[in-house]
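Novice: My questions will all concern the structure given below.
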Amino acid sequence: MFSWIFIFLLLQIPKFVSSDLKFNVNRCYFEITEEFHHEGDVMIGAFFPVHTFYTEKKRPHSTIPYQYLDGYIQYNFKNYQYILALLFAIEEINGNPNLLPNISLGFDFYNVRFTEKETLMNTVIWLTAHVQRKVLPNYNCKKSNFTAAITGTSWITSAQIGTLLQLFKFPQITFGPYDPFLSDRGQYPSLYQMAPKDTSLSLAIVSLMVHFRWSWVGLILPDDHKGNKILSDFRKEMERKRICTAFVKMIPATWTSSFVKFWENMDDTNIIIIYGDIDSLEGLMRNIGQRLLTWHVWVMNIEPHIIEYDNYFMLDSFHGSLIFKHNYRENFEFTKFIRTVNPKKYPEDIYLPKMWYLFFMCSFSDINCQVLDSCQTNASLDMLPSQIFDVVMSEESTSIYNAVYAVAHSLHEMRLQQLQTQPCENEEGMEFFPWQLNTFLKDIEVRVNSLDWRQRIDAEYDILNLWNLPKGLGLKVKIGNFYANAPQGQQLSLSEQMIQWPEIFSEIPQSVCSESCGPGFRKVTLENKAICCYNCTPCADNEISNETDVDQCVKCPESHYANTEKSNCYQKSVSFLGYEDPLGMALASIALCLSALTAFVIGIFVKHKDTPIVKANNQALSYTLLITLKFCFLCSLNFIGQPNTVACILQQTTFAVAFTMALATVLAKAITVVLAFKVSFPGRMVRWLMISRGPNYIIPICTLIQLLLCGIWMAISPPYIDQDAHIEHGHIIILCNKGSAVAFHSVLGYLCFLALGSYTMAFLSRNLPDTFNESKFISLSMLVFFCVWITFLPVYHSTKGKVMVAMEVFSILASSTALLAFIFGPKCYIILLRPEKNSFHHIREKRTTHSRRKIFFLKYS
């Protein structure tokens, strides 16, 4: 069947489906009346739009009112299903012996045009026939009762008719989309709406937007109270789900093809939501079809009723559209009924001959405009493509079907009440006033069993995907559901693999104002722009974002660090200046080598202890200085390795004490030289100082002072273990905090004071004419010492972590090496390489006027 329809569509539609017909195509199109009558004991008035007239210049006919000489007739055969749904329901009720027995239903059909005058004129004709107990002209003379009017699809049409019917309290049932305006009982006391409310439609459509991550969508709505209400609902839901509107376009009440501004900015987004009823969207749908807008996904609440088929394009603007329809139980009996419909079975139906003429190669009789027998064999409406006529009962047809049953059940209940009160007078026929039916129609949602679906479908929607490629295929494939009452997260169900998108999209379309900000970035909103329009900026240091489109980055804990992509936090590794670290290993090796070198020097001095050069500069002080320097080199090892409380304290105390002893020893050596050579008054005091070795007491005195400073330091604010998570990326640096900065700088200041004193003493004796005078070398070593530690302070405060510790170790090694190299280097040179200078014979040759005092100094040193 599908392949037959497809072949028929391609081959026959260009020839037969031209629905815009001029009046001169066949005189029967304007000679056959637009209204017809289906006989019954109780009559229902039906006011539906099946076809409309429109004109280009509106040149009125000279004698026929509301007709135009340049008029075009435009059929929408999909709407013809409304008449068949009405007929199907009436035949079912008339064939049911348990519902209105011995009473048949019938209807009077009036085509509703889009002019208020014609609509009201038809209503007056029908009401006049009712009030005067007359039947319409050219019909039979059987007496009939008028019950209710079924109107639709536009709320405007229902409101126009309702304004007239409410004067007589005449029951009116509208099958168009639910409209809160028509539910005003003060203005329309006898109007009843069969369509369910669209309370969950905005939620359903927005849920679809969220599912496909469409955050930049357009809205097209009718410019009336319904459009404004649904716009408010959409904006509320979109704001809650952070979806933005690229544009909002309101459809004017009077659509014209020259409405050019309406299409501006239409290409700003790929996804456009269209809401409205069939009537309000007719002009829009026609224009979309004509413009061939194949790069948009239309999300609609109605099926596109395209009623112009006279083009030959294979592409279609609506292919891939998504349609939200209320969930209905399919009526298979209705489909079977449609297969039996033909002009001979229902000769009163004036539309069937026209359809048979158009689609099944029939011809009209020239006499009475009846369809001749020369038609396609076994012609049936179910042979037509679905875009022309759909055999599946639509939402509007379902509402009509239920409206007829609502009237029938109300009549049945009223009939039973009459039989109970007046059993004899109402054995035959049924006499009543239409307004009496209002009592039974007021609660039709509860009173009529056939309307139980209303309680269910109000919050349930089927999601249909329109397959119309090639154009004319017209398949509506169910691809999902929306259940508003389902738990959060389970409301929407979709079969994405079944969806056909417009041909321009090879995958799920994307519709965003700005590209998503990936992990490692955050959104920065733009001024005077929608919230969906933003820039992406990288997260700050040690901040991450591991999701897309985040507003704020998350800061990593202190114990973690952000990776280079700033998408994850990783545990920081503990780091310190250890022996396995290349820098720590190098410094430790240097310290050990220098310590070994110092031991080697001590060995040289011990081996050559009886030589003049060893005895010349106070042998005891030289040994003390060498041993102290060895400790200075070794104390630097306290700074290497994983810190602990004991190590932190030993670092500063051993460094301070060792350097104090070394500098005090150098000071003692310098003072000894000055006393020996510079003091001009020889006498008992100088002799006592030299004999008692008074300068040697400088060492314990200076050391005790430093120990006192260190004691105060340890008592007030001793060094402690500290860690810094910010110095080095990805690491937590463990190091010793100095505690009191004042105490630390006081210790350094005291060392510099001793160095300054040593330098001063050595500077005073730098030019003494002694063969082994070391004053020059002491001065030079003190200058280097000053340079090292003065440079140390700013560098120390400008570095952090392991580098800071390494800088302190380097300063200790450098300053200690300066003392060792400049004081003992020259002596070792003479001892090892110039032994001829290290003899008393060489000394006698260079004796000067100061020889006696020097001999005295050498004798007692």
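By order in the structure tokens, chains are A, B, ...; within a chain, residues start at 1; ligands start at 1, following the order shown.
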Any idea what's packed within 6 Å of region 266-278 of chain A, counting only C-alpha atoms, ignoring anything in its chain fewer than 6 positions away? Could you give it as a list in words?
Specialist: Val217, Gly218, Leu219, Ile220, Leu221, His296, Val297, Trp298, Val299, Met300, Asn301 and Ser511 of chain A
Novice: I need the residues of region 90-232 of chain A that end up classed as alpha helix (DSSP H) by DSSP on the backbone, written out as number ranges by chain.
Specialist: A: 90-94, 116-131, 155-165, 201-211, 225-232
Novice: In terms of the shortest atom-to-atom distance over only C-alpha atoms, which of A:Ala662, A:Ala379, A:Cys702, A:Leu322 is closest to Glu496 (chain A)?
Specialist: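 Of the candidates, the smallest distance to Glu496 (chain A) is held by A:Leu322.
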Novice: Grab the CA of Gln706 (chain A) to CA of Phe655 (chain A) distance for me, in Å with one decimal place.
Specialist: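 Spanning CA of Gln706 (chain A) to CA of Phe655 (chain A) is a straight-line distance of 10.8 Å.
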Novice: Write out as a VMD selection string the residues lying within 7 Å of Ile613 (chain A), counting only C-alpha atoms and excluding same-chain residues fewer than 2 positions away.
Specialist: chain A and resid 611 615 to 616 772 827 838
